[in-house]
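To be precise, the following lines are structure-v5.cif, and they hold mmCIF, C-alpha atoms, pLDDT in the B column; chains and numbers go by the auth columns.
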data_query
loop_
_atom_site.group_PDB
_atom_site.id
_atom_site.type_symbol
_atom_site.label_atom_id
_atom_site.label_comp_id
_atom_site.label_asym_id
_atom_site.label_seq_id
_atom_site.Cartn_x
_atom_site.Cartn_y
_atom_site.Cartn_z
_atom_site.B_iso_or_equiv
_atom_site.auth_seq_id
_atom_site.auth_asym_id
ATOM 1 C CA MET A 1 21.831 62.158 -46.697 63.00 131 A
ATOM 2 C CA SER A 2 25.419 63.480 -46.527 70.00 132 A
ATOM 3 C CA VAL A 3 28.294 62.062 -48.575 72.00 133 A
ATOM 4 C CA VAL A 4 29.765 60.450 -45.455 68.00 134 A
ATOM 5 C CA GLU A 5 26.438 58.835 -44.549 74.00 135 A
ATOM 6 C CA SER A 6 25.990 57.478 -48.077 80.00 136 A
ATOM 7 C CA VAL A 7 29.510 55.999 -48.036 78.00 137 A
ATOM 8 C CA LEU A 8 28.919 54.490 -44.579 77.00 138 A
ATOM 9 C CA ALA A 9 25.679 52.940 -45.814 81.00 139 A
ATOM 10 C CA GLN A 10 27.683 51.008 -48.440 85.00 140 A
ATOM 11 C CA ILE A 11 29.995 49.400 -45.855 85.00 141 A
ATOM 12 C CA PRO A 12 28.805 45.979 -44.642 88.00 142 A
ATOM 13 C CA GLN A 13 28.468 45.232 -40.936 87.00 143 A
ATOM 14 C CA PRO A 14 30.464 44.761 -38.688 85.00 144 A
ATOM 15 C CA TYR A 15 32.894 47.040 -40.570 84.00 145 A
ATOM 16 C CA ARG A 16 30.344 49.869 -40.641 84.00 146 A
ATOM 17 C CA SER A 17 30.269 49.996 -36.829 86.00 147 A
ATOM 18 C CA VAL A 18 34.076 50.114 -36.705 85.00 148 A
ATOM 19 C CA ALA A 19 34.147 52.894 -39.333 82.00 149 A
ATOM 20 C CA ILE A 20 31.572 54.919 -37.387 81.00 150 A
ATOM 21 C CA ARG A 21 33.475 54.473 -34.101 83.00 151 A
ATOM 22 C CA HIS A 22 36.733 55.551 -35.741 85.00 152 A
ATOM 23 C CA ARG A 23 35.400 58.077 -38.247 85.00 153 A
ATOM 24 C CA GLU A 24 37.628 60.872 -36.927 88.00 154 A
ATOM 25 C CA LEU A 25 40.741 58.727 -37.443 89.00 155 A
ATOM 26 C CA ILE A 26 39.600 57.636 -40.917 89.00 156 A
ATOM 27 C CA LYS A 27 38.982 61.260 -41.910 90.00 157 A
ATOM 28 C CA PHE A 28 42.393 62.236 -40.497 91.00 158 A
ATOM 29 C CA ALA A 29 44.062 59.521 -42.590 91.00 159 A
ATOM 30 C CA MET A 30 42.170 60.642 -45.708 92.00 160 A
ATOM 31 C CA VAL A 31 43.286 64.232 -45.145 94.00 161 A
ATOM 32 C CA GLY A 32 46.850 62.974 -44.749 92.00 162 A
ATOM 33 C CA GLY A 33 46.636 61.132 -48.060 92.00 163 A
ATOM 34 C CA THR A 34 45.161 64.174 -49.763 94.00 164 A
ATOM 35 C CA THR A 35 47.821 66.511 -48.433 92.00 165 A
ATOM 36 C CA TRP A 36 50.544 64.026 -49.388 91.00 166 A
ATOM 37 C CA VAL A 37 49.252 64.248 -52.973 92.00 167 A
ATOM 38 C CA ILE A 38 49.178 68.067 -52.750 94.00 168 A
ATOM 39 C CA ASP A 39 52.738 68.141 -51.372 90.00 169 A
ATOM 40 C CA THR A 40 54.021 65.768 -54.052 90.00 170 A
ATOM 41 C CA ALA A 41 52.237 67.538 -56.926 93.00 171 A
ATOM 42 C CA VAL A 42 53.348 71.049 -55.898 92.00 172 A
ATOM 43 C CA PHE A 43 56.915 69.850 -55.297 91.00 173 A
ATOM 44 C CA LEU A 44 57.194 68.091 -58.655 90.00 174 A
ATOM 45 C CA LEU A 45 55.539 70.963 -60.521 94.00 175 A
ATOM 46 C CA LEU A 46 57.858 73.592 -59.007 92.00 176 A
ATOM 47 C CA LYS A 47 60.987 71.434 -59.172 90.00 177 A
ATOM 48 C CA ASN A 48 60.433 70.684 -62.840 90.00 178 A
ATOM 49 C CA THR A 49 59.455 74.217 -63.936 95.00 179 A
ATOM 50 C CA VAL A 50 60.271 77.495 -62.194 96.00 180 A
ATOM 51 C CA LEU A 51 62.531 76.091 -59.446 89.00 181 A
ATOM 52 C CA VAL A 52 64.654 73.587 -61.388 82.00 182 A
ATOM 53 C CA GLU A 53 67.821 74.850 -59.731 86.00 183 A
ATOM 54 C CA LYS A 54 66.254 75.130 -56.262 84.00 184 A
ATOM 55 C CA PRO A 55 64.659 71.800 -55.215 82.00 185 A
ATOM 56 C CA LEU A 56 64.839 72.641 -51.510 81.00 186 A
ATOM 57 C CA THR A 57 62.899 75.870 -52.063 88.00 187 A
ATOM 58 C CA ALA A 58 60.361 73.854 -54.084 87.00 188 A
ATOM 59 C CA LYS A 59 60.008 71.387 -51.198 85.00 189 A
ATOM 60 C CA VAL A 60 59.577 74.131 -48.592 87.00 190 A
ATOM 61 C CA ILE A 61 56.836 75.775 -50.666 91.00 191 A
ATOM 62 C CA ALA A 62 55.155 72.396 -51.248 90.00 192 A
ATOM 63 C CA VAL A 63 55.189 71.579 -47.529 88.00 193 A
ATOM 64 C CA LEU A 64 53.741 75.005 -46.670 90.00 194 A
ATOM 65 C CA VAL A 65 50.916 74.641 -49.213 93.00 195 A
ATOM 66 C CA ALA A 66 50.150 71.106 -47.991 92.00 196 A
ATOM 67 C CA THR A 67 50.235 72.172 -44.336 92.00 197 A
ATOM 68 C CA ILE A 68 47.792 75.017 -44.957 94.00 198 A
ATOM 69 C CA ALA A 69 45.478 72.600 -46.783 96.00 199 A
ATOM 70 C CA SER A 70 45.896 70.132 -43.914 94.00 200 A
ATOM 71 C CA TYR A 71 44.861 72.734 -41.356 93.00 201 A
ATOM 72 C CA VAL A 72 41.735 73.709 -43.268 94.00 202 A
ATOM 73 C CA LEU A 73 40.705 70.109 -44.021 95.00 203 A
ATOM 74 C CA ASN A 74 41.400 68.847 -40.502 92.00 204 A
ATOM 75 C CA ARG A 75 39.633 71.776 -38.856 90.00 205 A
ATOM 76 C CA GLU A 76 36.591 71.711 -41.104 90.00 206 A
ATOM 77 C CA TRP A 77 36.262 67.968 -41.646 89.00 207 A
ATOM 78 C CA SER A 78 38.364 65.575 -39.517 88.00 208 A
ATOM 79 C CA PHE A 79 37.938 67.477 -36.251 88.00 209 A
ATOM 80 C CA ARG A 80 34.875 69.548 -37.170 86.00 210 A
ATOM 81 C CA THR A 81 33.140 69.039 -33.826 84.00 211 A
ATOM 82 C CA ARG A 82 36.302 69.630 -31.790 84.00 212 A
ATOM 83 C CA GLY A 83 37.908 72.880 -30.843 80.00 213 A
ATOM 84 C CA GLY A 84 38.056 74.808 -27.617 75.00 214 A
ATOM 85 C CA ARG A 85 40.574 77.432 -28.641 80.00 215 A
ATOM 86 C CA GLU A 86 40.467 80.746 -30.453 84.00 216 A
ATOM 87 C CA THR A 87 41.184 80.284 -34.163 85.00 217 A
ATOM 88 C CA HIS A 88 44.539 82.097 -34.159 90.00 218 A
ATOM 89 C CA HIS A 89 45.736 80.093 -31.135 91.00 219 A
ATOM 90 C CA GLU A 90 44.503 76.870 -32.711 90.00 220 A
ATOM 91 C CA ALA A 91 46.276 77.668 -36.002 91.00 221 A
ATOM 92 C CA ALA A 92 49.542 78.508 -34.224 93.00 222 A
ATOM 93 C CA LEU A 93 49.423 75.227 -32.300 94.00 223 A
ATOM 94 C CA PHE A 94 48.577 73.332 -35.478 91.00 224 A
ATOM 95 C CA PHE A 95 51.647 74.697 -37.261 91.00 225 A
ATOM 96 C CA LEU A 96 53.852 74.098 -34.195 95.00 226 A
ATOM 97 C CA VAL A 97 52.680 70.472 -33.920 95.00 227 A
ATOM 98 C CA SER A 98 53.148 70.057 -37.685 92.00 228 A
ATOM 99 C CA GLY A 99 56.719 71.371 -37.380 90.00 229 A
ATOM 100 C CA ILE A 100 57.482 68.919 -34.575 94.00 230 A
ATOM 101 C CA GLY A 101 55.838 66.248 -36.726 88.00 231 A
ATOM 102 C CA VAL A 102 58.396 66.904 -39.463 85.00 232 A
ATOM 103 C CA ALA A 103 61.162 66.149 -36.957 88.00 233 A
ATOM 104 C CA VAL A 104 59.366 62.989 -35.800 88.00 234 A
ATOM 105 C CA TYR A 105 58.882 61.589 -39.270 81.00 235 A
ATOM 106 C CA THR A 106 62.385 62.439 -40.486 84.00 236 A
ATOM 107 C CA ALA A 107 64.075 60.896 -37.422 89.00 237 A
ATOM 108 C CA PRO A 108 63.978 57.275 -38.713 89.00 238 A
ATOM 109 C CA LEU A 109 65.648 58.345 -41.968 86.00 239 A
ATOM 110 C CA ALA A 110 68.356 60.164 -40.000 88.00 240 A
ATOM 111 C CA VAL A 111 68.893 57.068 -37.820 92.00 241 A
ATOM 112 C CA SER A 112 69.094 54.857 -40.905 91.00 242 A
ATOM 113 C CA ARG A 113 71.567 57.110 -42.707 88.00 243 A
ATOM 114 C CA TYR A 114 73.741 58.512 -39.923 90.00 244 A
ATOM 115 C CA LEU A 115 73.602 56.050 -37.024 95.00 245 A
ATOM 116 C CA LEU A 116 73.214 52.765 -38.891 96.00 246 A
ATOM 117 C CA HIS A 117 75.279 54.005 -41.869 95.00 247 A
ATOM 118 C CA LEU A 118 72.876 52.495 -44.399 93.00 248 A
ATOM 119 C CA SER A 119 74.253 54.605 -47.225 89.00 249 A
ATOM 120 C CA VAL A 120 76.783 54.369 -50.032 92.00 250 A
ATOM 121 C CA PRO A 121 79.722 53.557 -49.717 95.00 251 A
ATOM 122 C CA ASP A 122 78.964 51.448 -46.621 96.00 252 A
ATOM 123 C CA VAL A 123 76.171 49.554 -48.414 96.00 253 A
ATOM 124 C CA SER A 124 75.061 49.112 -52.021 96.00 254 A
ATOM 125 C CA LEU A 125 72.947 51.759 -53.752 92.00 255 A
ATOM 126 C CA PHE A 126 70.004 49.328 -53.772 95.00 256 A
ATOM 127 C CA THR A 127 70.298 48.736 -49.997 95.00 257 A
ATOM 128 C CA GLN A 128 70.526 52.491 -49.407 89.00 258 A
ATOM 129 C CA GLU A 129 67.392 53.154 -51.469 88.00 259 A
ATOM 130 C CA VAL A 130 65.404 50.383 -49.744 91.00 260 A
ATOM 131 C CA ALA A 131 66.546 51.605 -46.315 90.00 261 A
ATOM 132 C CA ASP A 132 65.629 55.204 -47.224 86.00 262 A
ATOM 133 C CA PHE A 133 62.183 54.135 -48.427 85.00 263 A
ATOM 134 C CA VAL A 134 61.413 51.932 -45.413 89.00 264 A
ATOM 135 C CA SER A 135 62.759 54.374 -42.828 88.00 265 A
ATOM 136 C CA GLY A 136 61.457 57.555 -44.460 81.00 266 A
ATOM 137 C CA GLN A 137 58.261 56.620 -46.244 80.00 267 A
ATOM 138 C CA ILE A 138 56.961 53.823 -44.020 87.00 268 A
ATOM 139 C CA VAL A 139 58.347 54.022 -40.482 90.00 269 A
ATOM 140 C CA GLY A 140 58.703 57.805 -40.504 85.00 270 A
ATOM 141 C CA VAL A 141 55.265 58.490 -41.956 82.00 271 A
ATOM 142 C CA LEU A 142 53.590 56.098 -39.496 88.00 272 A
ATOM 143 C CA LEU A 143 55.405 57.639 -36.501 91.00 273 A
ATOM 144 C CA GLY A 144 54.663 61.177 -37.707 87.00 274 A
ATOM 145 C CA MET A 145 51.011 60.360 -38.294 87.00 275 A
ATOM 146 C CA ALA A 146 50.641 58.779 -34.846 92.00 276 A
ATOM 147 C CA PHE A 147 52.311 61.784 -33.210 95.00 277 A
ATOM 148 C CA ARG A 148 50.170 64.322 -35.082 91.00 278 A
ATOM 149 C CA TRP A 149 46.958 62.359 -34.395 91.00 279 A
ATOM 150 C CA TRP A 150 47.713 62.379 -30.663 95.00 280 A
ATOM 151 C CA ALA A 151 48.931 66.004 -30.555 95.00 281 A
ATOM 152 C CA PHE A 152 46.098 67.432 -32.658 92.00 282 A
ATOM 153 C CA ARG A 153 43.476 65.805 -30.414 90.00 283 A
ATOM 154 C CA ARG A 154 45.355 66.667 -27.205 92.00 284 A
ATOM 155 C CA PHE A 155 46.520 70.227 -27.880 92.00 285 A
ATOM 156 C CA VAL A 156 45.077 71.723 -31.070 91.00 286 A
ATOM 157 C CA PHE A 157 41.474 70.462 -31.008 88.00 287 A
ATOM 158 C CA PRO A 158 41.215 69.381 -27.342 87.00 288 A
ATOM 159 C CA ASP A 159 37.506 69.634 -26.592 82.00 289 A
ATOM 160 C CA GLU A 160 34.865 67.372 -28.093 79.00 290 A
ATOM 161 C CA GLN A 161 31.460 68.547 -29.296 74.00 291 A
ATOM 162 C CA VAL A 162 32.212 72.275 -28.946 73.00 292 A
ATOM 163 C CA ARG A 163 31.385 73.189 -32.517 66.00 293 A
ATOM 164 C CA ARG A 164 27.998 72.296 -33.891 59.00 294 A
ATOM 165 C CA ARG A 165 27.912 69.951 -36.828 54.00 295 A
ATOM 166 C CA PRO A 166 25.838 71.129 -39.813 53.00 296 A
ATOM 167 C CA ASP A 167 23.475 68.166 -39.412 51.00 297 A
ATOM 168 C CA GLN A 168 22.717 69.246 -35.818 45.00 298 A
ATOM 169 C CA GLY A 169 20.820 72.316 -36.950 39.00 299 A
#

Output the file's structure as structure tokens, nothing else.
Amino acid sequence: MSVVESVLAQIPQPYRSVAIRHRELIKFAMVGGTTWVIDTAVFLLLKNTVLVEKPLTAKVIAVLVATIASYVLNREWSFRTRGGRETHHEAALFFLVSGIGVAVYTAPLAVSRYLLHLSVPDVSLFTQEVADFVSGQIVGVLLGMAFRWWAFRRFVFPDEQVRRRPDQG
């Protein structure tokens, strides 16, 4: 029995049926959480050690490391039975979609700061920080995740059941 099957066996019905029907989405969300941790850890490590004076460089490196991990985990786990493209074409599309995703999930923060002027001195520091968190870490992440979920399935891994799963022999 695989790890996924053993975890699914622990989930009571009717939730097990829902989890099975949406297993690709659940795996995608788990990969997103994992790569968020990778991004955060690499960023904080670099920013607080070798790149103290260069936080933007630390963030760029962290995003690149997390995006590479995301590609591998999504290809080999979340979308392991999907494909339909040559690997180099698939990887290029993955990184293109991920780049567009960055724009999608930063847009709410830009709207909050620059269109709604939810920043100091127009509002209090507390209001600014709450607005940044809600627009960037909640609304932005949800929009970015929805966009990437749709785009990965539509463009990067478009065809179902093209790669054999290990349990299919």

So what do you get for CA of Leu272 in chain A versus CA of Tyr145 in chain A, distance-wise?
22.6 Å

So which residues touch Gly274 in chain A within 12 Å, counting only C-alpha atoms, skipping near sequence neighbours fewer than 5 positions away, as a compact mmCIF listing (two decimals) with C-alpha atoms, in the coordinates of the input?
# COMPACT_ATOMS: atom_id res chain seq x y z
CA ALA A 159 44.06 59.52 -42.59
CA GLY A 162 46.85 62.97 -44.75
CA VAL A 227 52.68 70.47 -33.92
CA SER A 228 53.15 70.06 -37.68
CA GLY A 229 56.72 71.37 -37.38
CA ILE A 230 57.48 68.92 -34.58
CA GLY A 231 55.84 66.25 -36.73
CA VAL A 232 58.40 66.90 -39.46
CA ALA A 233 61.16 66.15 -36.96
CA VAL A 234 59.37 62.99 -35.80
CA TYR A 235 58.88 61.59 -39.27
CA THR A 236 62.38 62.44 -40.49
CA ALA A 237 64.08 60.90 -37.42
CA PRO A 238 63.98 57.28 -38.71
CA SER A 265 62.76 54.37 -42.83
CA GLY A 266 61.46 57.56 -44.46
CA GLN A 267 58.26 56.62 -46.24
CA ILE A 268 56.96 53.82 -44.02
CA VAL A 269 58.35 54.02 -40.48
CA TRP A 279 46.96 62.36 -34.40
CA TRP A 280 47.71 62.38 -30.66
CA ALA A 281 48.93 66.00 -30.56
CA PHE A 282 46.10 67.43 -32.66

How big is the axis-aligned box around the listed atoms of range 280-292 of chain A once 8 Å is added on each side, and where is its centre? Give both in Å to one decimal, as lines of an AutoDock Vina configuration file.
center_x = 40.2
center_y = 67.3
center_z = -29.6
size_x = 33.5
size_y = 25.9
size_z = 22.1

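When the PyMOL selection byres ((chain A and resi 170) around 12) is evaluated against the file, it yields Gly163, Thr164, Thr165, Trp166, Val167, Ile168, Asp169, Ala171, Val172, Phe173, Leu174, Leu175, Leu176, Lys177, Asn178, Ala188, Lys189, Val190, Ile191, Ala192, Val193, Leu194, Val195 and Ala196 of chain A.
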
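Among the candidates A:Met275, A:Ile198, A:Ile141, A:Val286, the one nearest to Thr217 in chain A when counting only C-alpha atoms is A:Val286.
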
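CA of Val161 in chain A lies 8.7 Å from CA of Trp207 in chain A.
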
Evaluate the PyMOL selection byres ((chain A and resi 291) around 6) here and jot the selected residues down as a short mmCIF file (atom, residue, chain, number, x, y, z; two decimals) with C-alpha atoms, keeping the file's coordinate frame.
data_model
loop_
_atom_site.label_atom_id
_atom_site.label_comp_id
_atom_site.auth_asym_id
_atom_site.auth_seq_id
_atom_site.Cartn_x
_atom_site.Cartn_y
_atom_site.Cartn_z
CA THR A 211 33.14 69.04 -33.83
CA ARG A 212 36.30 69.63 -31.79
CA GLU A 290 34.86 67.37 -28.09
CA VAL A 292 32.21 72.28 -28.95
CA ARG A 293 31.38 73.19 -32.52
#

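For the structure in this document, the set picked by the PyMOL selection byres ((chain A and resi 210) around 12) is Arg153, Glu154, Lys157, Phe158, Tyr201, Val202, Leu203, Asn204, Arg205, Glu206, Trp207, Ser208, Phe209, Thr211, Arg212, Gly213, Gly214, Arg283, Phe287, Pro288, Asp289, Glu290, Gln291, Val292, Arg293, Arg294, Arg295, Pro296 and Asp297 of chain A.
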
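Closest approach to Ala149 in chain A among A:Leu255, A:Ala222, A:Val260, A:Val137 is made by A:Val137 (distances from all atoms listed in the file).
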
Taking into account only C-alpha atoms, which residue in the set A:Met160, A:Leu138, A:Ala221, A:Leu248 is nearest to Phe263 in chain A?
A:Leu248
